[in-house]
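K.L.:
Take a look at my_file_36.cif, mmCIF, C-alpha atoms and all ligand atoms:
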data_input
loop_
_atom_site.label_atom_id
_atom_site.label_comp_id
_atom_site.auth_asym_id
_atom_site.auth_seq_id
_atom_site.Cartn_x
_atom_site.Cartn_y
_atom_site.Cartn_z
CA MET F 1 91.37 83.51 99.03
CA VAL F 2 88.52 81.78 100.81
CA SER F 3 90.00 82.53 104.21
CA PHE F 4 90.31 86.25 103.34
CA ILE F 5 86.74 86.33 102.15
CA LYS F 6 85.45 84.72 105.33
CA GLU F 7 87.52 87.00 107.49
CA GLY F 8 86.37 90.01 105.51
CA GLN F 9 82.71 89.00 105.82
CA ARG F 10 83.20 88.60 109.56
CA MET F 11 84.74 92.08 109.71
CA ALA F 12 81.90 93.52 107.61
CA ASN F 13 79.16 91.91 109.70
CA GLN F 14 80.77 92.20 113.11
CA ASN F 15 78.80 95.23 114.24
CA ALA F 16 75.13 95.86 113.82
CA VAL F 17 74.60 98.44 111.10
CA MET F 18 73.23 101.74 112.38
CA PRO F 19 70.02 102.77 110.63
CA ALA F 20 70.80 104.85 107.57
CA GLU F 21 68.97 107.90 108.91
CA THR F 22 70.94 107.91 112.16
CA ILE F 23 74.23 107.68 110.33
CA ASN F 24 73.21 110.47 107.99
CA MET F 25 72.05 112.65 110.81
CA ILE F 26 75.22 112.19 112.81
CA THR F 27 77.42 112.79 109.80
CA VAL F 28 75.56 115.89 108.78
CA ALA F 29 75.16 117.27 112.28
CA ALA F 30 78.88 116.85 112.96
CA ALA F 31 79.75 118.88 109.90
CA VAL F 32 77.14 121.53 110.61
CA SER F 33 78.15 121.79 114.21
CA ALA F 34 81.81 122.18 113.26
CA ALA F 35 80.90 124.84 110.72
CA GLN F 36 78.86 126.82 113.26
CA LYS F 37 81.52 126.91 115.94
CA PRO F 38 84.17 129.56 116.26
CA PRO F 39 87.61 128.40 115.10
CA VAL F 40 88.74 125.45 117.19
CA VAL F 41 92.28 124.14 117.48
CA PRO F 42 91.99 120.37 117.16
CA LEU F 43 93.63 118.17 119.77
CA MET F 44 96.86 116.57 118.60
CA GLY F 45 95.71 114.96 115.37
CA GLY F 46 92.24 114.21 116.75
CA TYR F 47 88.66 115.08 115.93
CA VAL F 48 86.84 117.68 117.96
CA SER F 49 84.67 115.25 119.89
CA LEU F 50 80.93 115.87 120.13
CA SER F 51 78.47 113.67 121.95
CA LYS F 52 75.75 111.97 119.90
CA LYS F 53 73.12 113.81 121.98
CA LYS F 54 74.72 117.15 121.17
CA LEU F 55 74.94 116.26 117.50
CA LEU F 56 71.24 115.41 117.38
CA LYS F 57 70.42 118.63 119.23
CA ASN F 58 72.40 120.56 116.64
CA LEU F 59 70.30 118.95 114.00
CA GLU F 60 67.11 120.07 115.76
CA ILE F 61 68.49 123.61 115.99
CA ASN F 62 68.73 123.48 112.22
CA GLY F 63 65.01 122.76 112.09
CA GLY F 64 65.71 119.20 111.01
CA ASN F 65 66.50 120.63 107.61
CA ARG F 66 68.81 117.91 106.49
CA LEU F 67 69.01 119.09 102.91
CA ASN F 68 70.33 122.50 103.79
CA SER F 69 72.69 120.85 106.24
CA TRP F 70 74.26 118.80 103.46
CA VAL F 71 74.64 121.87 101.35
CA ASP F 72 76.00 123.98 104.21
CA SER F 73 78.35 121.25 105.17
CA MET F 74 79.56 120.96 101.58
CA ARG F 75 80.25 124.70 101.55
CA ALA F 76 81.94 124.52 104.94
CA SER F 77 84.23 121.71 103.86
CA SER F 78 85.16 123.41 100.62
CA PRO F 79 88.66 124.89 100.66
CA THR F 80 87.25 128.33 99.96
CA HIS F 81 85.55 128.29 103.36
CA PRO F 82 88.34 127.50 105.84
CA SER F 83 87.16 127.59 109.47
CA LEU F 84 90.26 126.65 111.49
CA ASP F 85 93.30 128.75 112.24
CA GLN F 86 96.11 127.84 109.81
CA SER F 87 99.10 128.48 112.07
CA SER F 88 97.73 126.53 115.07
CA TRP F 89 96.62 123.72 112.81
CA ILE F 90 100.02 123.28 111.18
CA LEU F 91 101.61 122.98 114.63
CA HIS F 92 99.42 119.96 115.30
CA HIS F 93 99.65 118.53 111.80
CA PRO F 94 103.18 119.38 110.66
CA SER F 95 104.34 118.91 107.12
CA ALA F 96 105.27 115.28 106.44
CA LEU F 97 108.18 116.59 104.39
CA GLU F 98 109.61 118.60 107.26
CA MET F 99 109.11 115.72 109.70
CA PHE F 100 110.57 113.18 107.32
CA GLU F 101 113.53 112.16 109.52
CA GLN F 102 111.29 111.53 112.54
CA ILE F 103 108.89 109.52 110.41
CA ILE F 104 111.67 107.34 109.02
CA ASP F 105 113.08 106.86 112.53
CA ALA F 106 109.69 105.67 113.76
CA SER F 107 109.45 103.15 110.93
CA LYS F 108 112.92 101.63 111.48
CA GLY F 109 112.88 97.83 111.60
CA LYS F 110 109.28 97.75 110.42
CA GLN F 111 107.72 96.97 107.08
CA ILE F 112 106.25 100.13 105.59
CA VAL F 113 102.97 99.53 103.73
CA MET F 114 101.69 102.43 101.61
CA PHE F 115 98.01 103.29 101.14
CA LEU F 116 97.13 106.03 98.68
CA ASP F 117 93.84 107.70 97.98
CA TYR F 118 93.36 108.71 94.33
CA ASP F 119 91.41 111.97 93.75
CA GLY F 120 93.07 114.97 95.34
CA THR F 121 96.04 112.84 96.42
CA LEU F 122 97.51 111.32 93.26
CA SER F 123 95.55 113.50 90.87
CA PRO F 124 94.55 117.15 91.09
CA ILE F 125 90.87 117.98 91.65
CA VAL F 126 89.36 118.95 88.28
CA GLU F 127 85.86 119.83 87.09
CA ASP F 128 85.25 116.71 85.01
CA PRO F 129 85.64 113.52 87.10
CA ASP F 130 86.35 111.54 83.91
CA ARG F 131 89.41 113.66 83.26
CA ALA F 132 91.14 113.43 86.64
CA PHE F 133 94.32 112.09 85.11
CA MET F 134 97.44 111.31 87.02
CA SER F 135 100.64 112.78 85.60
CA LYS F 136 103.35 110.57 84.11
CA LYS F 137 105.71 111.77 86.79
CA MET F 138 103.27 110.74 89.51
CA ARG F 139 102.85 107.29 87.92
CA LYS F 140 106.60 106.85 87.76
CA THR F 141 106.90 107.77 91.42
CA VAL F 142 104.14 105.39 92.52
CA ARG F 143 105.71 102.61 90.42
CA LYS F 144 109.02 103.20 92.16
CA LEU F 145 107.35 103.28 95.53
CA ALA F 146 105.71 99.91 94.86
CA THR F 147 109.11 98.36 94.21
CA CYS F 148 110.08 99.34 97.76
CA PHE F 149 106.87 98.66 99.70
CA PRO F 150 103.53 96.90 99.31
CA THR F 151 101.33 99.67 97.91
CA ALA F 152 97.55 99.97 97.63
CA ILE F 153 95.25 102.53 96.04
CA VAL F 154 92.11 103.11 98.12
CA SER F 155 89.45 105.11 96.30
CA GLY F 156 85.77 106.00 96.24
CA ARG F 157 85.91 105.36 92.51
CA CYS F 158 84.97 102.13 90.82
CA ARG F 159 88.03 99.85 90.86
CA ASP F 160 88.28 99.51 87.06
CA LYS F 161 88.13 103.25 86.58
CA VAL F 162 90.83 103.99 89.12
CA TYR F 163 92.96 101.21 87.59
CA ASN F 164 92.57 102.84 84.17
CA PHE F 165 93.88 106.10 85.63
CA VAL F 166 96.78 104.54 87.56
CA LYS F 167 97.66 101.71 85.15
CA LEU F 168 100.04 99.88 87.47
CA ALA F 169 99.42 96.12 87.65
CA GLU F 170 101.69 95.58 90.63
CA LEU F 171 99.46 97.46 93.09
CA TYR F 172 96.54 96.46 95.30
CA TYR F 173 93.33 98.31 94.46
CA ALA F 174 90.42 98.98 96.79
CA GLY F 175 87.65 100.68 94.81
CA SER F 176 84.13 101.82 95.85
CA HIS F 177 85.40 103.11 99.22
CA GLY F 178 87.07 99.76 99.94
CA MET F 179 84.07 97.61 98.94
CA ASP F 180 85.92 96.14 95.96
CA ILE F 181 89.40 94.91 96.80
CA LYS F 182 91.73 93.15 94.41
CA GLY F 183 95.38 92.19 94.67
CA PRO F 184 97.96 92.30 91.87
CA GLU F 185 97.49 89.88 88.97
CA LYS F 186 101.14 88.90 89.12
CA ALA F 187 102.57 87.13 92.16
CA SER F 188 103.67 89.76 94.65
CA LYS F 189 107.00 89.62 96.42
CA TYR F 190 105.29 90.93 99.54
CA LYS F 191 102.46 88.45 99.82
CA LYS F 192 103.39 85.47 101.96
CA ASP F 193 101.04 83.02 100.22
CA SER F 194 100.08 82.72 96.59
CA GLU F 195 96.31 83.07 96.96
CA ALA F 196 94.81 85.92 94.95
CA VAL F 197 92.91 88.56 96.86
CA LEU F 198 89.43 89.53 95.74
CA PHE F 199 86.91 90.82 98.25
CA GLN F 200 83.52 92.41 97.58
CA PRO F 201 81.48 92.65 100.79
CA ALA F 202 78.57 94.56 99.20
CA SER F 203 77.91 92.41 96.12
CA GLU F 204 74.26 91.85 97.07
CA PHE F 205 73.70 95.60 96.61
CA LEU F 206 74.68 95.65 92.92
CA PRO F 207 71.10 95.47 91.52
CA MET F 208 69.94 98.18 93.93
CA ILE F 209 72.85 100.46 93.03
CA ASP F 210 72.11 100.02 89.31
CA GLU F 211 68.45 100.85 89.90
CA VAL F 212 69.22 103.96 91.95
CA TYR F 213 71.77 105.10 89.37
CA LYS F 214 69.10 105.12 86.66
CA LEU F 215 66.62 106.94 88.90
CA LEU F 216 69.18 109.55 89.87
CA VAL F 217 70.24 110.20 86.27
CA GLU F 218 66.59 110.74 85.37
CA LYS F 219 65.78 112.85 88.43
CA THR F 220 68.81 115.16 88.18
CA LYS F 221 68.82 115.72 84.41
CA SER F 222 66.92 119.00 84.85
CA THR F 223 69.74 120.43 86.98
CA GLU F 224 72.38 121.95 84.75
CA GLY F 225 75.87 120.68 85.48
CA ALA F 226 74.78 117.80 87.73
CA LYS F 227 76.52 114.51 87.06
CA VAL F 228 75.86 111.05 88.47
CA GLU F 229 78.86 108.73 88.49
CA HIS F 230 78.49 104.95 88.79
CA ASN F 231 81.19 103.61 91.05
CA LYS F 232 79.96 99.99 90.99
CA PHE F 233 79.11 99.51 94.70
CA CYS F 234 78.38 103.18 95.28
CA LEU F 235 77.36 106.30 93.39
CA SER F 236 78.50 109.90 93.32
CA VAL F 237 76.31 112.90 92.56
CA HIS F 238 78.58 115.76 91.55
CA PHE F 239 77.78 119.36 92.50
CA ARG F 240 81.01 120.96 91.24
CA CYS F 241 79.61 122.24 87.92
CA VAL F 242 76.21 123.18 89.35
CA ASP F 243 75.46 126.80 90.23
CA GLU F 244 75.73 127.08 94.05
CA LYS F 245 72.21 128.55 94.11
CA LYS F 246 70.94 125.22 92.75
CA TRP F 247 72.71 123.01 95.30
CA SER F 248 69.68 122.73 97.59
CA GLU F 249 67.50 121.76 94.64
CA LEU F 250 69.96 119.04 93.62
CA ALA F 251 70.25 117.76 97.20
CA GLN F 252 66.45 117.62 97.29
CA GLN F 253 66.37 115.55 94.10
CA VAL F 254 68.89 113.11 95.55
CA ARG F 255 66.98 112.89 98.83
CA SER F 256 63.68 112.22 97.05
CA VAL F 257 65.19 109.16 95.35
CA LEU F 258 67.08 107.94 98.41
CA LYS F 259 64.15 108.07 100.79
CA GLU F 260 62.80 104.92 99.13
CA TYR F 261 66.08 103.08 99.81
CA PRO F 262 66.74 102.86 103.55
CA LYS F 263 69.52 100.34 102.93
CA LEU F 264 71.59 103.03 101.26
CA ARG F 265 73.26 105.90 103.03
CA LEU F 266 74.51 109.28 101.96
CA ASN F 267 77.83 110.95 102.73
CA GLN F 268 79.13 114.27 101.67
CA GLY F 269 82.54 114.70 100.03
CA ARG F 270 84.28 117.38 97.99
CA LYS F 271 81.34 118.96 96.15
CA VAL F 272 79.82 115.52 95.88
CA LEU F 273 77.17 113.42 97.62
CA GLU F 274 78.19 109.79 97.82
CA ILE F 275 75.61 107.02 98.07
CA ARG F 276 76.60 103.65 99.43
CA PRO F 277 75.28 100.52 101.13
CA THR F 278 74.77 100.68 104.89
CA ILE F 279 77.22 97.86 105.55
CA LYS F 280 79.80 98.48 108.22
CA TRP F 281 82.66 98.82 105.77
CA ASP F 282 84.81 101.79 104.87
CA LYS F 283 88.35 102.75 103.86
CA GLY F 284 89.57 101.99 107.40
CA LYS F 285 88.20 98.44 107.26
CA ALA F 286 89.71 98.05 103.79
CA LEU F 287 93.11 99.08 105.17
CA GLU F 288 92.78 96.51 107.96
CA PHE F 289 91.71 93.83 105.48
CA LEU F 290 94.67 94.55 103.22
CA LEU F 291 97.13 94.43 106.10
CA GLU F 292 95.65 91.10 107.09
CA SER F 293 95.82 89.68 103.59
CA LEU F 294 99.45 90.76 103.36
CA GLY F 295 100.15 88.71 106.48
CA PHE F 296 100.38 91.59 108.99
CA ALA F 297 97.23 90.80 110.99
CA ASN F 298 98.74 90.80 114.48
CA CYS F 299 102.20 92.09 113.66
CA THR F 300 103.91 94.81 115.61
CA ASP F 301 106.58 95.21 112.95
CA VAL F 302 104.40 96.82 110.31
CA PHE F 303 104.25 100.55 109.62
CA PRO F 304 101.24 101.53 107.49
CA VAL F 305 101.21 105.00 105.95
CA TYR F 306 97.93 106.31 104.54
CA ILE F 307 97.81 109.46 102.40
CA GLY F 308 94.44 110.99 101.57
CA ASP F 309 92.57 114.27 101.24
CA ASP F 310 88.90 113.55 101.83
CA ARG F 311 86.40 112.88 104.60
CA THR F 312 86.22 109.20 103.67
CA ASP F 313 89.98 108.94 104.26
CA GLU F 314 89.36 109.86 107.89
CA ASP F 315 88.12 106.29 108.54
CA ALA F 316 91.57 105.05 107.54
CA PHE F 317 93.40 107.73 109.55
CA LYS F 318 91.32 106.79 112.57
CA MET F 319 91.98 103.09 112.06
CA LEU F 320 95.73 103.77 112.19
CA ARG F 321 95.33 105.83 115.38
CA ASP F 322 93.24 103.08 116.97
CA ARG F 323 95.77 100.42 116.00
CA GLY F 324 98.60 102.65 117.22
CA GLN F 325 100.54 101.84 114.06
CA GLY F 326 101.97 104.05 111.35
CA PHE F 327 100.17 107.32 110.67
CA GLY F 328 97.95 109.23 108.33
CA ILE F 329 98.92 112.18 106.15
CA LEU F 330 96.21 114.62 105.09
CA VAL F 331 96.68 116.37 101.75
CA SER F 332 95.11 119.77 102.26
CA LYS F 333 96.03 123.39 101.76
CA PHE F 334 93.56 124.36 104.45
CA PRO F 335 93.10 123.33 108.08
CA LYS F 336 90.53 120.56 108.59
CA ASP F 337 89.46 118.47 111.55
CA THR F 338 91.39 115.27 111.01
CA SER F 339 92.76 112.13 112.64
CA ALA F 340 95.83 112.34 110.38
CA SER F 341 99.11 113.13 112.12
CA TYR F 342 100.85 115.00 109.33
CA SER F 343 99.93 117.13 106.35
CA LEU F 344 100.98 117.83 102.79
CA GLN F 345 99.75 120.84 100.89
CA GLU F 346 99.25 119.52 97.39
CA PRO F 347 99.13 116.24 95.49
CA HIS F 348 102.47 117.07 93.85
CA GLU F 349 104.05 117.41 97.30
CA ALA F 350 102.96 113.86 97.98
CA SER F 351 104.49 112.62 94.76
CA TYR F 352 107.72 114.45 94.18
CA GLY F 353 108.48 115.26 97.77
CA PHE F 354 107.39 112.67 100.26
CA PHE F 355 107.14 109.55 98.07
CA GLY F 356 110.41 110.35 96.35
CA THR F 357 112.20 110.75 99.66
CA VAL F 358 110.76 107.54 101.11
CA GLY F 359 111.74 105.70 97.93
CA ARG F 360 115.32 106.94 98.11
CA VAL F 361 115.78 105.99 101.77
CA GLU F 362 114.55 102.47 101.14
CA ALA F 363 116.37 102.07 97.85
CA THR F 364 119.82 102.41 99.46
CA PRO F 365 119.75 99.17 101.51
CA VAL F 366 117.97 97.38 98.65
CA ARG F 367 120.77 98.33 96.26
CA ALA F 368 123.43 97.34 98.80
CA THR F 369 121.82 93.92 99.28
CA LEU F 370 121.70 93.35 95.53
CA LYS F 371 125.37 94.24 95.17
CA LYS F 372 126.27 91.69 97.82
CA LEU F 373 124.33 89.02 95.98
CA MET F 374 126.11 89.70 92.66
O1 LIG H 1 88.37 108.34 97.34
P1 LIG H 1 88.76 109.21 96.21
O2 LIG H 1 89.69 108.54 95.24
O3 LIG H 1 89.32 110.53 96.68
O4 LIG H 1 87.40 109.51 95.43
C1 LIG H 1 86.42 110.40 95.97
C2 LIG H 1 85.60 110.97 94.86
O5 LIG H 1 86.56 111.47 93.91
C3 LIG H 1 86.06 111.95 92.67
O6 LIG H 1 85.41 113.19 92.88
C4 LIG H 1 86.28 114.23 93.28
O7 LIG H 1 87.25 114.47 92.26
C5 LIG H 1 86.67 114.93 90.99
C6 LIG H 1 87.80 115.03 89.97
O8 LIG H 1 88.84 115.85 90.41
C7 LIG H 1 85.96 116.27 91.23
O9 LIG H 1 85.38 116.73 90.01
C8 LIG H 1 84.88 116.08 92.30
O10 LIG H 1 84.27 117.31 92.61
C9 LIG H 1 85.49 115.49 93.58
O11 LIG H 1 84.47 115.19 94.54
C10 LIG H 1 85.16 110.94 92.02
O12 LIG H 1 84.64 111.48 90.83
C11 LIG H 1 84.06 110.48 92.95
O13 LIG H 1 83.29 109.47 92.36
C12 LIG H 1 84.72 109.90 94.19
O14 LIG H 1 83.72 109.47 95.10
#
Would you write the structure of this file as structure tokens?
Ligand SMILES: O=P(O)(O)OC[C@H]1O[C@H](O[C@H]2O[C@H](CO)[C@@H](O)[C@H](O)[C@H]2O)[C@H](O)[C@@H](O)[C@@H]1O
P.N.:
Amino acid sequence: MVSFIKEGQRMANQNAVMPAETINMITVAAAVSAAQKPPVVPLMGGYVSLSKKKLLKNLEINGGNRLNSWVDSMRASSPTHPSLDQSSWILHHPSALEMFEQIIDASKGKQIVMFLDYDGTLSPIVEDPDRAFMSKKMRKTVRKLATCFPTAIVSGRCRDKVYNFVKLAELYYAGSHGMDIKGPEKASKYKKDSEAVLFQPASEFLPMIDEVYKLLVEKTKSTEGAKVEHNKFCLSVHFRCVDEKKWSELAQQVRSVLKEYPKLRLNQGRKVLEIRPTIKWDKGKALEFLLESLGFANCTDVFPVYIGDDRTDEDAFKMLRDRGQGFGILVSKFPKDTSASYSLQEPHEASYGFFGTVGRVEATPVRATLKKLM
């Protein structure tokens, strides 16, 4: 475990952290810029690339009004505001179900490792974040999948909470956007050594996160429908049940608290603002860390598959592209700029379609091997 921790710390500290403001500005400006442009067909699976200078200029054009930018960007990324052409997009991000044979061909002779986001991927998006339950059928499918491949859940949620939804002890869990990673309690058939995995690169931020949580709860209580969720190493401020006319007000409340905490940064998700430490760690780094702890650090015979629906999943999709291994699948009914290679329309497509098919393909040789042994 010690070696994983050291390696993880090295990975977390490797690059100087960009000042929180710069990161925020770039994130926001990218979204605003994309929303302002006419429909763009993304390059094969890639982001529309914008220079940093251009992004900052876009921010100036918006009068430096970062609050409205967050709100605009939240509207723009909401499925009710699609900005890309559906038919061109699907050509570049074909359905993972339809491309199943090609995907399986590409993974031949390699160890598939599955990474699954939770909200919007394994569970449907619902109004109350505490009631985003996963169906029994989905749980059964994920359980089956984990008997075939090493499987990890990678979520923005606090690890305990996501575990309570999924309830499968045999999985790896990366909560708080990958800042809280834990391996299965029981020995895993996939792990080459017996050391348990536990990695928390942002533990020094716990007192600050607790403090900001209390301040945010107090500050936002006047906004009807606002909800602050404590995700251990990060926080979520939910906009979903707030009247859209009040979104700017809520964003302003969040900003007024956050401006006193330059070591925390803000990202925008699905009708949510997510607050997290400015360490250089995200779902992509978590994916890399998990591959390493499973013994696949410099392997060419590993085939990671990451399925997710949100902006934060893009870090993992991009990591796979950069490594040139496996691929990402974006769960979305609507076209979005993405580094994922394939798409699925709904969470249930992921479960009953794609996972089920992968499970069946892998189960055949497993069964045959067992028969030989008996
Ligand atoms: O990384 P994820 O597992 O996708 O977590 C991202 C956020 O998911 C949750 O919020 C989203 O789902 C809620 C329930 O369906 C929905 O009400 C909300 O509007 C969505 O943003 C979770 O509550 C957040 O804490 C996570 O950051």
K.L.:
Counting only C-alpha atoms and all ligand atoms, which residues of chain F sit at most 7 Å from some atom of ligand LIG 1 (chain H), and what is each one's closest atom pair with its distance in Å to one decimal, listed by chain and rising residue number, as JSON lines?
P.N.:
{"residue": "F:Asp117", "atom": "CA", "partner": "H:LIG1", "partner_atom": "O2", "distance": 5.0}
{"residue": "F:Tyr118", "atom": "CA", "partner": "H:LIG1", "partner_atom": "O2", "distance": 3.8}
{"residue": "F:Asp119", "atom": "CA", "partner": "H:LIG1", "partner_atom": "O3", "distance": 3.9}
{"residue": "F:Gly120", "atom": "CA", "partner": "H:LIG1", "partner_atom": "O3", "distance": 6.0}
{"residue": "F:Pro124", "atom": "CA", "partner": "H:LIG1", "partner_atom": "O8", "distance": 5.9}
{"residue": "F:Ile125", "atom": "CA", "partner": "H:LIG1", "partner_atom": "O8", "distance": 3.2}
{"residue": "F:Val126", "atom": "CA", "partner": "H:LIG1", "partner_atom": "O8", "distance": 3.8}
{"residue": "F:Glu127", "atom": "CA", "partner": "H:LIG1", "partner_atom": "O9", "distance": 4.3}
{"residue": "F:Asp128", "atom": "CA", "partner": "H:LIG1", "partner_atom": "O9", "distance": 5.0}
{"residue": "F:Pro129", "atom": "CA", "partner": "H:LIG1", "partner_atom": "C6", "distance": 3.9}
{"residue": "F:Ala132", "atom": "CA", "partner": "H:LIG1", "partner_atom": "C6", "distance": 5.0}
{"residue": "F:Val154", "atom": "CA", "partner": "H:LIG1", "partner_atom": "O1", "distance": 6.5}
{"residue": "F:Ser155", "atom": "CA", "partner": "H:LIG1", "partner_atom": "O1", "distance": 3.6}
{"residue": "F:Gly156", "atom": "CA", "partner": "H:LIG1", "partner_atom": "O1", "distance": 3.7}
{"residue": "F:Arg157", "atom": "CA", "partner": "H:LIG1", "partner_atom": "O13", "distance": 4.9}
{"residue": "F:His177", "atom": "CA", "partner": "H:LIG1", "partner_atom": "O1", "distance": 6.3}
{"residue": "F:Glu229", "atom": "CA", "partner": "H:LIG1", "partner_atom": "O13", "distance": 5.9}
{"residue": "F:Asn231", "atom": "CA", "partner": "H:LIG1", "partner_atom": "O13", "distance": 6.4}
{"residue": "F:Leu235", "atom": "CA", "partner": "H:LIG1", "partner_atom": "O13", "distance": 6.8}
{"residue": "F:Ser236", "atom": "CA", "partner": "H:LIG1", "partner_atom": "O13", "distance": 4.9}
{"residue": "F:His238", "atom": "CA", "partner": "H:LIG1", "partner_atom": "O10", "distance": 6.0}
{"residue": "F:Phe239", "atom": "CA", "partner": "H:LIG1", "partner_atom": "O10", "distance": 6.8}
{"residue": "F:Arg240", "atom": "CA", "partner": "H:LIG1", "partner_atom": "O10", "distance": 5.1}
{"residue": "F:Gly269", "atom": "CA", "partner": "H:LIG1", "partner_atom": "O11", "distance": 5.8}
{"residue": "F:Arg270", "atom": "CA", "partner": "H:LIG1", "partner_atom": "O11", "distance": 4.1}
{"residue": "F:Lys271", "atom": "CA", "partner": "H:LIG1", "partner_atom": "O10", "distance": 4.9}
{"residue": "F:Val272", "atom": "CA", "partner": "H:LIG1", "partner_atom": "O11", "distance": 4.9}
{"residue": "F:Glu274", "atom": "CA", "partner": "H:LIG1", "partner_atom": "O14", "distance": 6.2}
{"residue": "F:Asp309", "atom": "CA", "partner": "H:LIG1", "partner_atom": "O3", "distance": 6.7}
{"residue": "F:Asp310", "atom": "CA", "partner": "H:LIG1", "partner_atom": "O3", "distance": 6.0}
{"residue": "F:Thr312", "atom": "CA", "partner": "H:LIG1", "partner_atom": "O1", "distance": 6.7}
K.L.:
With distances taken over all atoms listed in the file, which of F:Phe296, F:Ala251, F:Ser332, F:Gly326 is nearest to Ile103 in chain F?
P.N.:
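Looking at the shortest contact to Ile103 in chain F, the residue is F:Gly326.
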K.L.:
Please indicate the distance in Å from CA of Phe317 in chain F to CA of Pro304 in chain F, rounded to one decimal place.
P.N.:
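Separating CA of Phe317 in chain F from CA of Pro304 in chain F is a distance of 10.2 Å.
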K.L.:
Separation of CA of His93 in chain F and CA of Ala340 in chain F, in Å?
P.N.:
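Distance reported for this atom pair: 7.4 Å.
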K.L.:
Every residue with an atom at most 12 Å from (98.6, 105.3, 86.9) (file coordinates; only C-alpha atoms) is what I'm after, so could you write them as a PDB file with C-alpha atoms, in the frame of the given file?
P.N.:
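Output (out_19.pdb):
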ATOM      1  CA  LEU F 116      97.130 106.030  98.680  1.00  0.00           C
ATOM      2  CA  TYR F 118      93.360 108.710  94.330  1.00  0.00           C
ATOM      3  CA  ASP F 119      91.410 111.970  93.750  1.00  0.00           C
ATOM      4  CA  LEU F 122      97.510 111.320  93.260  1.00  0.00           C
ATOM      5  CA  SER F 123      95.550 113.500  90.870  1.00  0.00           C
ATOM      6  CA  ALA F 132      91.140 113.430  86.640  1.00  0.00           C
ATOM      7  CA  PHE F 133      94.320 112.090  85.110  1.00  0.00           C
ATOM      8  CA  MET F 134      97.440 111.310  87.020  1.00  0.00           C
ATOM      9  CA  SER F 135     100.640 112.780  85.600  1.00  0.00           C
ATOM     10  CA  LYS F 136     103.350 110.570  84.110  1.00  0.00           C
ATOM     11  CA  LYS F 137     105.710 111.770  86.790  1.00  0.00           C
ATOM     12  CA  MET F 138     103.270 110.740  89.510  1.00  0.00           C
ATOM     13  CA  ARG F 139     102.850 107.290  87.920  1.00  0.00           C
ATOM     14  CA  LYS F 140     106.600 106.850  87.760  1.00  0.00           C
ATOM     15  CA  THR F 141     106.900 107.770  91.420  1.00  0.00           C
ATOM     16  CA  VAL F 142     104.140 105.390  92.520  1.00  0.00           C
ATOM     17  CA  ARG F 143     105.710 102.610  90.420  1.00  0.00           C
ATOM     18  CA  LYS F 144     109.020 103.200  92.160  1.00  0.00           C
ATOM     19  CA  ALA F 146     105.710  99.910  94.860  1.00  0.00           C
ATOM     20  CA  ILE F 153      95.250 102.530  96.040  1.00  0.00           C
ATOM     21  CA  ASP F 160      88.280  99.510  87.060  1.00  0.00           C
ATOM     22  CA  LYS F 161      88.130 103.250  86.580  1.00  0.00           C
ATOM     23  CA  VAL F 162      90.830 103.990  89.120  1.00  0.00           C
ATOM     24  CA  TYR F 163      92.960 101.210  87.590  1.00  0.00           C
ATOM     25  CA  ASN F 164      92.570 102.840  84.170  1.00  0.00           C
ATOM     26  CA  PHE F 165      93.880 106.100  85.630  1.00  0.00           C
ATOM     27  CA  VAL F 166      96.780 104.540  87.560  1.00  0.00           C
ATOM     28  CA  LYS F 167      97.660 101.710  85.150  1.00  0.00           C
ATOM     29  CA  LEU F 168     100.040  99.880  87.470  1.00  0.00           C
ATOM     30  CA  ALA F 169      99.420  96.120  87.650  1.00  0.00           C
ATOM     31  CA  GLU F 170     101.690  95.580  90.630  1.00  0.00           C
ATOM     32  CA  LEU F 171      99.460  97.460  93.090  1.00  0.00           C
ATOM     33  CA  TYR F 173      93.330  98.310  94.460  1.00  0.00           C
TER      34      TYR F 173
END
K.L.:
So how many Å separate CA of Gln86 in chain F and CA of Glu244 in chain F, to one decimal?
P.N.:
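Between CA of Gln86 in chain F and CA of Glu244 in chain F the gap is 25.8 Å.
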K.L.:
Using all atoms listed in the file, determine which residues lie at most 10 Å from Tyr213 in chain F, disregarding the query and same-chain residues fewer than 3 positions distant; provide the list as a PyMOL selection string.
P.N.:
chain F and resi 207-210+216-219+228-232+234-237+257+275
K.L.:
Applying 12 Å and all atoms listed in the file, which residues near Ala202 in chain F remain after dropping the ones on its own chain fewer than 6 positions away? List them as a list in words.
P.N.:
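Surrounding residues, per the criterion: Ile5, Gly8, Gln9, Ala12, Asn13, Gly175, Ser176, His177, Gly178, Met179, Asp180, Ile181, Met208, Ile209, Lys232, Phe233, Cys234, Lys263, Leu264, Arg276, Pro277, Thr278, Ile279, Lys280, Trp281 and Asp282 of chain F.
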K.L.:
Which is closer to Met114 in chain F than all the others in F:Asn68, F:Thr300, F:Thr220, F:Thr151, using only C-alpha atoms?
P.N.:
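Distance minimum relative to Met114 in chain F lands on F:Thr151.
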K.L.:
If you count all atoms listed in the file, which residues fall within 9 Å of Leu330 in chain F, apart from same-chain ones fewer than 3 positions away, as a list in words?
P.N.:
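After dropping sequence-adjacent residues, the list is His93, Thr121, Tyr306, Ile307, Gly308, Asp309, Asp310, Asp313, Glu314, Phe317, Lys336, Thr338, Ser339, Ala340, Ser341, Tyr342, Ser343, Leu344 and Gln345 of chain F.
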K.L.:
So, with only C-alpha atoms as the atoms that count, which of F:Ala316, F:Val254, F:Lys221, F:Cys158 lies closest to Asn267 in chain F?
P.N.:
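Of F:Ala316, F:Val254, F:Lys221, F:Cys158, the one nearest Asn267 in chain F, counting only C-alpha atoms, is F:Val254.
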